[in-house]
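Quick look at model.csv (CSV, C-alpha atoms and all ligand atoms):
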chain,number,residue,atom,x,y,z
A,1,MET,CA,-72.7,-103.8,-164.4
A,2,VAL,CA,-72.2,-107.6,-164.5
A,3,CYS,CA,-68.4,-106.9,-164.6
A,4,ILE,CA,-68.6,-104.7,-161.5
A,5,VAL,CA,-70.6,-107.4,-159.6
A,6,PHE,CA,-68.3,-110.1,-160.8
A,7,SER,CA,-65.2,-108.2,-159.7
A,8,PHE,CA,-66.8,-107.5,-156.3
A,9,ILE,CA,-67.5,-111.2,-155.8
A,10,ILE,CA,-63.9,-112.2,-156.8
A,11,LYS,CA,-62.4,-109.5,-154.4
A,12,SER,CA,-64.6,-110.6,-151.5
A,13,PHE,CA,-63.8,-114.3,-152.1
A,14,MET,CA,-60.0,-113.4,-152.2
A,15,TYR,CA,-60.2,-111.3,-149.1
A,16,TYR,CA,-62.1,-114.1,-147.2
A,17,THR,CA,-59.8,-116.8,-148.4
A,18,LEU,CA,-56.7,-114.9,-147.3
A,19,LEU,CA,-58.4,-114.1,-143.9
A,20,VAL,CA,-59.0,-117.9,-143.4
A,21,PHE,CA,-55.2,-118.4,-144.1
A,22,HIS,CA,-54.3,-115.5,-141.9
A,23,SER,CA,-56.3,-117.0,-139.1
A,24,ALA,CA,-54.8,-120.5,-139.5
A,25,ILE,CA,-51.2,-119.4,-140.0
A,26,ARG,CA,-51.3,-117.7,-136.6
A,27,TRP,CA,-51.1,-121.2,-135.1
A,28,PHE,CA,-48.0,-122.0,-137.2
A,29,VAL,CA,-46.4,-118.7,-136.2
A,30,LEU,CA,-47.0,-119.5,-132.5
A,31,ALA,CA,-46.0,-123.2,-132.7
A,32,THR,CA,-42.7,-122.4,-134.5
A,33,LEU,CA,-41.9,-119.5,-132.2
A,34,ILE,CA,-42.5,-121.6,-129.1
A,35,TYR,CA,-40.5,-124.5,-130.4
A,36,ALA,CA,-37.7,-122.2,-131.4
A,37,ILE,CA,-37.7,-120.7,-127.9
A,38,PHE,CA,-37.7,-124.1,-126.3
A,39,THR,CA,-34.8,-125.2,-128.6
A,40,ALA,CA,-32.8,-122.1,-127.7
A,41,TYR,CA,-33.5,-122.5,-124.0
A,42,ARG,CA,-32.5,-126.2,-124.0
A,43,GLY,CA,-29.4,-125.5,-126.1
A,44,LEU,CA,-28.3,-122.7,-123.9
A,45,TYR,CA,-28.7,-124.5,-120.6
A,46,ARG,CA,-27.4,-127.8,-121.7
A,47,LYS,CA,-24.5,-126.0,-123.5
A,48,GLU,CA,-25.3,-127.9,-126.7
A,49,ALA,CA,-23.7,-127.2,-130.2
A,50,PHE,CA,-25.8,-125.1,-132.5
A,51,THR,CA,-26.9,-127.9,-134.8
A,52,PRO,CA,-28.2,-127.6,-138.4
A,53,LYS,CA,-31.6,-128.6,-137.0
A,54,ALA,CA,-31.5,-125.6,-134.6
A,55,ASN,CA,-30.5,-123.4,-137.5
A,56,ALA,CA,-33.4,-124.7,-139.6
A,57,ILE,CA,-35.8,-124.0,-136.7
A,58,ARG,CA,-34.4,-120.4,-136.5
A,59,HIS,CA,-34.8,-120.0,-140.3
A,60,TRP,CA,-38.4,-121.4,-140.6
A,61,THR,CA,-39.7,-119.4,-137.6
A,62,ALA,CA,-38.7,-116.2,-139.4
A,63,THR,CA,-40.0,-117.4,-142.8
A,64,ILE,CA,-43.4,-118.3,-141.4
A,65,ALA,CA,-43.6,-115.0,-139.7
A,66,HIS,CA,-42.8,-113.2,-143.0
A,67,LEU,CA,-45.5,-115.2,-144.8
A,68,GLN,CA,-48.0,-114.1,-142.2
A,69,LEU,CA,-46.8,-110.5,-142.7
A,70,LEU,CA,-47.4,-110.7,-146.4
A,71,ILE,CA,-50.9,-112.1,-146.1
A,72,GLY,CA,-51.6,-109.6,-143.3
A,73,MET,CA,-50.6,-106.7,-145.7
A,74,VAL,CA,-53.0,-107.9,-148.4
A,75,VAL,CA,-55.8,-108.5,-145.9
A,76,TYR,CA,-55.2,-105.0,-144.5
A,77,GLY,CA,-55.7,-103.5,-148.0
A,78,GLN,CA,-59.0,-105.2,-148.5
A,79,SER,CA,-60.5,-105.5,-145.0
A,80,PRO,CA,-63.9,-103.9,-144.6
A,81,VAL,CA,-63.1,-103.3,-140.9
A,82,VAL,CA,-60.0,-101.3,-141.8
A,83,LEU,CA,-61.5,-99.5,-144.8
A,84,SER,CA,-64.9,-98.6,-143.3
A,85,GLN,CA,-65.5,-95.0,-142.3
A,86,SER,CA,-67.6,-95.8,-139.4
A,87,PHE,CA,-67.4,-98.9,-137.3
A,88,SER,CA,-68.5,-99.3,-133.7
A,89,SER,CA,-67.9,-102.1,-131.2
A,90,PRO,CA,-69.6,-100.7,-128.1
A,91,ASP,CA,-68.6,-103.5,-125.7
A,92,ALA,CA,-64.9,-103.4,-126.4
A,93,ILE,CA,-62.3,-101.3,-124.7
A,94,VAL,CA,-60.9,-100.2,-128.1
A,95,ASN,CA,-63.0,-99.6,-131.3
A,96,GLU,CA,-62.5,-102.7,-133.6
A,97,GLN,CA,-61.5,-100.4,-136.5
A,98,ILE,CA,-58.8,-98.7,-134.4
A,99,PHE,CA,-57.5,-102.0,-133.2
A,100,PHE,CA,-57.0,-103.4,-136.7
A,101,ARG,CA,-56.1,-100.2,-138.4
A,102,TYR,CA,-53.4,-99.1,-136.0
A,103,ILE,CA,-52.8,-101.5,-133.0
A,104,HIS,CA,-52.7,-104.9,-134.6
A,105,ILE,CA,-50.6,-103.8,-137.6
A,106,SER,CA,-48.0,-101.8,-135.5
A,107,MET,CA,-47.6,-104.5,-132.8
A,108,MET,CA,-47.3,-107.3,-135.4
A,109,LEU,CA,-44.8,-105.3,-137.5
A,110,LEU,CA,-42.7,-104.7,-134.4
A,111,ALA,CA,-42.8,-108.4,-133.5
A,112,ILE,CA,-41.8,-109.5,-137.0
A,113,VAL,CA,-38.9,-106.9,-137.0
A,114,LEU,CA,-37.8,-108.4,-133.6
A,115,ILE,CA,-37.9,-112.0,-135.1
A,116,THR,CA,-36.0,-110.8,-138.2
A,117,ILE,CA,-33.3,-109.0,-136.2
A,118,GLY,CA,-33.0,-111.9,-133.7
A,119,SER,CA,-32.7,-114.5,-136.5
A,120,ALA,CA,-30.1,-112.5,-138.4
A,121,LYS,CA,-28.1,-111.7,-135.3
A,122,ALA,CA,-28.1,-115.4,-134.2
A,123,LYS,CA,-27.0,-116.5,-137.6
A,124,ARG,CA,-24.0,-114.1,-137.5
A,125,MET,CA,-22.8,-114.9,-133.9
A,126,LYS,CA,-19.6,-116.8,-133.6
A,127,GLU,CA,-20.2,-118.8,-130.4
A,128,ASP,CA,-23.0,-121.4,-130.2
A,129,ARG,CA,-24.0,-120.2,-126.7
A,130,MET,CA,-24.5,-116.6,-128.1
A,131,LYS,CA,-26.5,-118.0,-131.0
A,132,TYR,CA,-29.0,-119.7,-128.6
A,133,GLN,CA,-29.0,-116.7,-126.2
A,134,THR,CA,-29.8,-114.2,-129.0
A,135,MET,CA,-32.5,-116.4,-130.4
A,136,LEU,CA,-34.0,-116.8,-127.0
A,137,ARG,CA,-34.1,-113.1,-126.1
A,138,TRP,CA,-35.5,-111.7,-129.4
A,139,PHE,CA,-38.0,-114.5,-130.0
A,140,VAL,CA,-39.4,-114.3,-126.4
A,141,ALA,CA,-39.9,-110.5,-126.8
A,142,ALA,CA,-41.7,-111.1,-130.2
A,143,LEU,CA,-43.9,-113.9,-128.7
A,144,VAL,CA,-45.1,-111.7,-125.9
A,145,ILE,CA,-46.1,-108.9,-128.4
A,146,ILE,CA,-47.8,-111.3,-130.8
A,147,PHE,CA,-49.7,-112.9,-128.0
A,148,VAL,CA,-51.1,-109.6,-126.9
A,149,ALA,CA,-51.9,-108.4,-130.5
A,150,ILE,CA,-53.8,-111.5,-131.6
A,151,PRO,CA,-57.6,-110.9,-131.5
A,152,TRP,CA,-58.3,-113.9,-129.2
A,153,PRO,CA,-61.9,-114.7,-128.4
A,154,PHE,CA,-60.9,-113.8,-124.8
A,155,SER,CA,-59.0,-110.6,-125.7
A,156,PRO,CA,-60.3,-107.3,-124.2
A,157,LEU,CA,-59.2,-105.5,-127.4
A,158,ALA,CA,-60.9,-107.3,-130.3
A,159,TRP,CA,-62.4,-110.7,-130.8
A,160,ARG,CA,-62.1,-113.2,-133.6
A,161,PRO,CA,-62.5,-117.1,-133.6
A,162,TYR,CA,-59.7,-119.5,-132.7
A,163,LEU,CA,-59.9,-120.8,-136.3
A,164,ARG,CA,-61.9,-119.2,-139.2
A,165,THR,CA,-63.4,-121.7,-141.6
A,166,PHE,CA,-65.0,-121.4,-145.1
A,201,LIG,C1,-47.4,-112.6,-136.5
A,201,LIG,C2,-48.2,-111.8,-137.2
A,201,LIG,C3,-49.7,-111.8,-137.2
A,201,LIG,C4,-50.6,-112.7,-136.6
A,201,LIG,C5,-50.3,-113.9,-135.7
A,201,LIG,C6,-51.9,-112.2,-136.9
A,201,LIG,C7,-53.1,-112.8,-136.5
A,201,LIG,C8,-54.4,-112.4,-136.8
A,201,LIG,C9,-55.6,-113.1,-136.5
A,201,LIG,C10,-55.7,-114.4,-135.7
A,201,LIG,C11,-56.6,-112.4,-137.0
A,201,LIG,C12,-58.1,-112.7,-137.0
A,201,LIG,C13,-58.5,-113.5,-138.3
A,201,LIG,C14,-60.0,-113.8,-138.3
A,201,LIG,O1,-60.7,-112.8,-138.6
A,201,LIG,O2,-60.4,-114.9,-138.2
A,201,LIG,C15,-56.1,-111.2,-137.7
A,201,LIG,C16,-56.8,-110.3,-138.4
A,201,LIG,C17,-56.2,-109.3,-139.1
A,201,LIG,N1,-54.9,-109.1,-139.3
A,201,LIG,FE1,-53.4,-110.1,-138.5
A,201,LIG,N2,-51.8,-111.1,-137.7
A,201,LIG,C18,-50.5,-110.8,-137.9
A,201,LIG,C19,-49.9,-109.8,-138.6
A,201,LIG,C20,-50.7,-108.9,-139.3
A,201,LIG,C21,-50.1,-107.8,-140.1
A,201,LIG,C22,-48.6,-107.5,-140.2
A,201,LIG,C23,-51.1,-107.1,-140.6
A,201,LIG,C24,-51.2,-105.9,-141.5
A,201,LIG,C25,-50.1,-105.6,-142.3
A,201,LIG,C26,-52.4,-107.8,-140.2
A,201,LIG,C27,-53.6,-107.4,-140.6
A,201,LIG,C28,-54.8,-107.9,-140.1
A,201,LIG,C29,-56.1,-107.4,-140.4
A,201,LIG,C30,-56.5,-106.2,-141.2
A,201,LIG,C31,-57.0,-108.3,-139.8
A,201,LIG,C32,-58.6,-108.1,-139.7
A,201,LIG,C33,-59.2,-108.5,-141.0
A,201,LIG,C34,-60.7,-108.3,-140.9
A,201,LIG,O3,-61.4,-108.8,-140.0
A,201,LIG,O4,-61.2,-107.8,-141.9
A,201,LIG,N3,-52.0,-108.9,-139.4
A,201,LIG,N4,-54.7,-111.3,-137.6
Would you mind giving the structure from this file in structure tokens?
Ligand code: HEM
Amino acid sequence: MVCIVFSFIIKSFMYYTLLVFHSAIRWFVLATLIYAIFTAYRGLYRKEAFTPKANAIRHWTATIAHLQLLIGMVVYGQSPVVLSQSFSSPDAIVNEQIFFRYIHISMMLLAIVLITIGSAKAKRMKEDRMKYQTMLRWFVAALVIIFVAIPWPFSPLAWRPYLRTF
């Protein structure tokens, strides 16, 4: 009995800790993505060379998105919202459980696939102009999807705080 209670406490603590990280890393995902888009736009229109700094920005944007994906997958497997059999949110357009079980995960997966493809394609392009253009197009598409799929306090789909704390 003590073991069961103890393992429940550990699991809940782990879930909540990861949720706090998942909430905070969203800001890093957004910041790196916006900075990468800005870098690509500036590089493209000023006809700049694709510098090692631009390449590092491309790389780290994709890496931070992948980290968020990993944490999201663990949170998904433990979330009471996802796992619960009955969950109602009467004021929302979409039931919160449906949002996190299907909408959030599929949109975020799509966005991270777009970031991954964009980053890989940009890396392989020969011309610097094409590198910037590829980064710009794929990252802008991902940013739009991520922005819609985040449960902002003002979102009509599901609400969560701007930053979750312990
Ligand atoms: C760029 C990618 C992602 C971003 C920016 C993002 C952002 C967020 C944010 C801001 C929250 C609210 C956190 C809170 O409650 O304070 C959240 C919740 C959640 N996310 Fe993500 N997420 C991403 C990807 C994913 C992925 C890929 C999955 C699943 C594989 C996932 C699963 C979840 C789940 C299950 C919750 C709700 C947890 C709960 O309330 O129990 N997320 N996400």
Show me, as JSON lines, the residues of region 2-105 of chain A having an atom within 7 Å of region 138-159 of chain A, each with the closest atom pair and its distance in Å, using all atoms listed in the file.
{"residue": "A:Leu33", "atom": "CA", "partner": "A:Phe139", "partner_atom": "CA", "distance": 6.7}
{"residue": "A:Ile37", "atom": "CA", "partner": "A:Phe139", "partner_atom": "CA", "distance": 6.6}
{"residue": "A:Ala92", "atom": "CA", "partner": "A:Leu157", "partner_atom": "CA", "distance": 6.2}
{"residue": "A:Ile93", "atom": "CA", "partner": "A:Leu157", "partner_atom": "CA", "distance": 5.9}
{"residue": "A:Val94", "atom": "CA", "partner": "A:Leu157", "partner_atom": "CA", "distance": 5.6}
{"residue": "A:Glu96", "atom": "CA", "partner": "A:Ala158", "partner_atom": "CA", "distance": 5.9}
{"residue": "A:Phe99", "atom": "CA", "partner": "A:Ala158", "partner_atom": "CA", "distance": 6.9}
{"residue": "A:His104", "atom": "CA", "partner": "A:Ala149", "partner_atom": "CA", "distance": 5.4}
Store the residues picked out above, limited to C-alpha atoms, as a PDB file, in the frame of the given file.
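In the end it all went to part_1.pdb:
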ATOM      1  CA  LEU A  33     -41.900-119.500-132.200  1.00  0.00           C
ATOM      2  CA  ILE A  37     -37.700-120.700-127.900  1.00  0.00           C
ATOM      3  CA  ALA A  92     -64.900-103.400-126.400  1.00  0.00           C
ATOM      4  CA  ILE A  93     -62.300-101.300-124.700  1.00  0.00           C
ATOM      5  CA  VAL A  94     -60.900-100.200-128.100  1.00  0.00           C
ATOM      6  CA  GLU A  96     -62.500-102.700-133.600  1.00  0.00           C
ATOM      7  CA  PHE A  99     -57.500-102.000-133.200  1.00  0.00           C
ATOM      8  CA  HIS A 104     -52.700-104.900-134.600  1.00  0.00           C
TER       9      HIS A 104
END
Taking only C-alpha atoms and all ligand atoms into account, which of A:Leu70, A:Ala36, A:Ile57, A:Ala49 comes nearest ligand LIG 201 (chain A)?
-> A:Leu70
Interatomic distance, CA of Gln133 (chain A) to CA of Phe50 (chain A) (Å, one decimal) |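 Atom-to-atom, CA of Gln133 (chain A) and CA of Phe50 (chain A) are spaced 11.0 Å apart.
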Residues of chain A that approach ligand LIG 201 (chain A) to 6 Å or less, counting all atoms listed in the file: could you list each one with the shortest pair of atoms and its distance in Å to one decimal, rows by chain and increasing residue number, as a Markdown table?
| residue | atom | partner | partner_atom | distance |
| --- | --- | --- | --- | --- |
| A:Leu19 | CA | A:LIG201 | C13 | 5.6 |
| A:His22 | CA | A:LIG201 | C13 | 5.9 |
| A:Ser23 | CA | A:LIG201 | C13 | 4.2 |
| A:Arg26 | CA | A:LIG201 | C5 | 4.0 |
| A:Ala65 | CA | A:LIG201 | C1 | 5.5 |
| A:Gln68 | CA | A:LIG201 | C2 | 5.5 |
| A:Leu69 | CA | A:LIG201 | C22 | 4.3 |
| A:Gly72 | CA | A:LIG201 | C26 | 3.7 |
| A:Met73 | CA | A:LIG201 | C25 | 3.6 |
| A:Val75 | CA | A:LIG201 | C30 | 5.3 |
| A:Tyr76 | CA | A:LIG201 | C30 | 3.7 |
| A:Ser79 | CA | A:LIG201 | O4 | 3.9 |
| A:Pro80 | CA | A:LIG201 | O4 | 5.5 |
| A:Val81 | CA | A:LIG201 | O4 | 5.0 |
| A:Phe100 | CA | A:LIG201 | C30 | 5.3 |
| A:Ile105 | CA | A:LIG201 | C24 | 4.5 |
| A:Met108 | CA | A:LIG201 | C19 | 4.8 |
| A:Leu109 | CA | A:LIG201 | C22 | 5.2 |
| A:Ile146 | CA | A:LIG201 | C1 | 5.9 |
| A:Ile150 | CA | A:LIG201 | C7 | 5.1 |
| A:Pro151 | CA | A:LIG201 | C10 | 5.8 |
| A:Arg160 | CA | A:LIG201 | C14 | 5.2 |
| A:Pro161 | CA | A:LIG201 | O2 | 5.5 |
| A:Arg164 | CA | A:LIG201 | O2 | 4.7 |
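Taking CA of Phe8 (chain A) and CA of Arg101 (chain A) as the two end points, the separation is 22.1 Å.
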Using only C-alpha atoms, which residue out of A:Tyr16, A:Tyr132, A:Phe21, A:Phe6 lies closest to Ala54 (chain A)?
->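 Residue with the minimum atom-to-atom distance to Ala54 (chain A): A:Tyr132.
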Taking all heavy atoms as the atom set, what does region 3-14 of chain A look like once completed, written as an mmCIF file, in the coordinates of the input?
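Everything below was put into selection.cif:
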data_model
loop_
_atom_site.group_PDB
_atom_site.id
_atom_site.type_symbol
_atom_site.label_atom_id
_atom_site.label_comp_id
_atom_site.auth_asym_id
_atom_site.auth_seq_id
_atom_site.Cartn_x
_atom_site.Cartn_y
_atom_site.Cartn_z
ATOM 1 N N CYS A 3 -69.838 -106.899 -164.871
ATOM 2 C CA CYS A 3 -68.400 -106.900 -164.600
ATOM 3 C C CYS A 3 -68.106 -106.391 -163.177
ATOM 4 O O CYS A 3 -67.268 -106.945 -162.457
ATOM 5 C CB CYS A 3 -67.664 -105.994 -165.575
ATOM 6 S SG CYS A 3 -67.231 -106.869 -167.046
ATOM 7 N N ILE A 4 -68.817 -105.339 -162.787
ATOM 8 C CA ILE A 4 -68.600 -104.700 -161.500
ATOM 9 C C ILE A 4 -68.992 -105.746 -160.370
ATOM 10 O O ILE A 4 -68.251 -105.970 -159.411
ATOM 11 C CB ILE A 4 -69.406 -103.421 -161.305
ATOM 12 C CG1 ILE A 4 -68.860 -102.377 -162.275
ATOM 13 C CG2 ILE A 4 -69.344 -102.896 -159.873
ATOM 14 C CD1 ILE A 4 -69.684 -101.133 -162.400
ATOM 15 N N VAL A 5 -70.168 -106.370 -160.564
ATOM 16 C CA VAL A 5 -70.600 -107.400 -159.600
ATOM 17 C C VAL A 5 -69.662 -108.535 -159.509
ATOM 18 O O VAL A 5 -69.277 -108.977 -158.421
ATOM 19 C CB VAL A 5 -72.072 -107.866 -159.931
ATOM 20 C CG1 VAL A 5 -72.490 -109.017 -159.019
ATOM 21 C CG2 VAL A 5 -73.069 -106.718 -159.847
ATOM 22 N N PHE A 6 -69.207 -108.988 -160.683
ATOM 23 C CA PHE A 6 -68.300 -110.100 -160.800
ATOM 24 C C PHE A 6 -66.974 -109.790 -160.039
ATOM 25 O O PHE A 6 -66.466 -110.575 -159.238
ATOM 26 C CB PHE A 6 -68.028 -110.474 -162.227
ATOM 27 C CG PHE A 6 -67.277 -111.753 -162.405
ATOM 28 C CD1 PHE A 6 -67.872 -112.979 -162.093
ATOM 29 C CD2 PHE A 6 -65.979 -111.744 -162.872
ATOM 30 C CE1 PHE A 6 -67.177 -114.165 -162.250
ATOM 31 C CE2 PHE A 6 -65.279 -112.932 -163.027
ATOM 32 C CZ PHE A 6 -65.886 -114.137 -162.718
ATOM 33 N N SER A 7 -66.432 -108.576 -160.309
ATOM 34 C CA SER A 7 -65.200 -108.200 -159.700
ATOM 35 C C SER A 7 -65.326 -108.056 -158.160
ATOM 36 O O SER A 7 -64.428 -108.371 -157.392
ATOM 37 C CB SER A 7 -64.563 -106.964 -160.320
ATOM 38 O OG SER A 7 -64.827 -105.824 -159.584
ATOM 39 N N PHE A 8 -66.505 -107.601 -157.727
ATOM 40 C CA PHE A 8 -66.800 -107.500 -156.300
ATOM 41 C C PHE A 8 -66.785 -108.873 -155.630
ATOM 42 O O PHE A 8 -66.185 -109.080 -154.570
ATOM 43 C CB PHE A 8 -68.136 -106.788 -156.067
ATOM 44 C CG PHE A 8 -68.523 -106.685 -154.617
ATOM 45 C CD1 PHE A 8 -67.926 -105.742 -153.784
ATOM 46 C CD2 PHE A 8 -69.465 -107.550 -154.070
ATOM 47 C CE1 PHE A 8 -68.263 -105.670 -152.431
ATOM 48 C CE2 PHE A 8 -69.812 -107.482 -152.723
ATOM 49 C CZ PHE A 8 -69.202 -106.529 -151.915
ATOM 50 N N ILE A 9 -67.433 -109.841 -156.311
ATOM 51 C CA ILE A 9 -67.500 -111.200 -155.800
ATOM 52 C C ILE A 9 -66.097 -111.816 -155.677
ATOM 53 O O ILE A 9 -65.710 -112.393 -154.660
ATOM 54 C CB ILE A 9 -68.441 -112.099 -156.627
ATOM 55 C CG1 ILE A 9 -69.888 -111.614 -156.471
ATOM 56 C CG2 ILE A 9 -68.343 -113.571 -156.222
ATOM 57 C CD1 ILE A 9 -70.870 -112.217 -157.438
ATOM 58 N N ILE A 10 -65.294 -111.629 -156.742
ATOM 59 C CA ILE A 10 -63.900 -112.200 -156.800
ATOM 60 C C ILE A 10 -63.106 -111.577 -155.622
ATOM 61 O O ILE A 10 -62.412 -112.271 -154.884
ATOM 62 C CB ILE A 10 -63.236 -111.883 -158.126
ATOM 63 C CG1 ILE A 10 -63.932 -112.634 -159.260
ATOM 64 C CG2 ILE A 10 -61.742 -112.211 -158.091
ATOM 65 C CD1 ILE A 10 -63.632 -114.118 -159.354
ATOM 66 N N LYS A 11 -63.216 -110.232 -155.470
ATOM 67 C CA LYS A 11 -62.400 -109.500 -154.400
ATOM 68 C C LYS A 11 -62.840 -110.031 -153.034
ATOM 69 O O LYS A 11 -61.985 -110.269 -152.177
ATOM 70 C CB LYS A 11 -62.646 -108.038 -154.516
ATOM 71 C CG LYS A 11 -61.655 -107.359 -155.437
ATOM 72 C CD LYS A 11 -61.747 -105.864 -155.279
ATOM 73 C CE LYS A 11 -60.565 -105.182 -155.923
ATOM 74 N NZ LYS A 11 -60.642 -103.730 -155.793
ATOM 75 N N SER A 12 -64.171 -110.163 -152.820
ATOM 76 C CA SER A 12 -64.600 -110.600 -151.500
ATOM 77 C C SER A 12 -64.171 -112.023 -151.222
ATOM 78 O O SER A 12 -63.771 -112.344 -150.101
ATOM 79 C CB SER A 12 -66.174 -110.597 -151.438
ATOM 80 O OG SER A 12 -66.648 -109.362 -151.812
ATOM 81 N N PHE A 13 -64.199 -112.871 -152.257
ATOM 82 C CA PHE A 13 -63.800 -114.300 -152.100
ATOM 83 C C PHE A 13 -62.283 -114.310 -151.752
ATOM 84 O O PHE A 13 -61.844 -115.027 -150.866
ATOM 85 C CB PHE A 13 -64.066 -115.046 -153.385
ATOM 86 C CG PHE A 13 -63.627 -116.478 -153.316
ATOM 87 C CD1 PHE A 13 -64.335 -117.404 -152.560
ATOM 88 C CD2 PHE A 13 -62.491 -116.901 -153.992
ATOM 89 C CE1 PHE A 13 -63.914 -118.727 -152.476
ATOM 90 C CE2 PHE A 13 -62.068 -118.222 -153.912
ATOM 91 C CZ PHE A 13 -62.788 -119.132 -153.150
ATOM 92 N N MET A 14 -61.485 -113.477 -152.467
ATOM 93 C CA MET A 14 -60.000 -113.400 -152.200
ATOM 94 C C MET A 14 -59.744 -112.954 -150.821
ATOM 95 O O MET A 14 -58.917 -113.533 -150.119
ATOM 96 C CB MET A 14 -59.399 -112.492 -153.252
ATOM 97 C CG MET A 14 -57.953 -112.771 -153.516
ATOM 98 S SD MET A 14 -57.346 -111.576 -154.695
ATOM 99 C CE MET A 14 -56.257 -110.637 -153.654
#
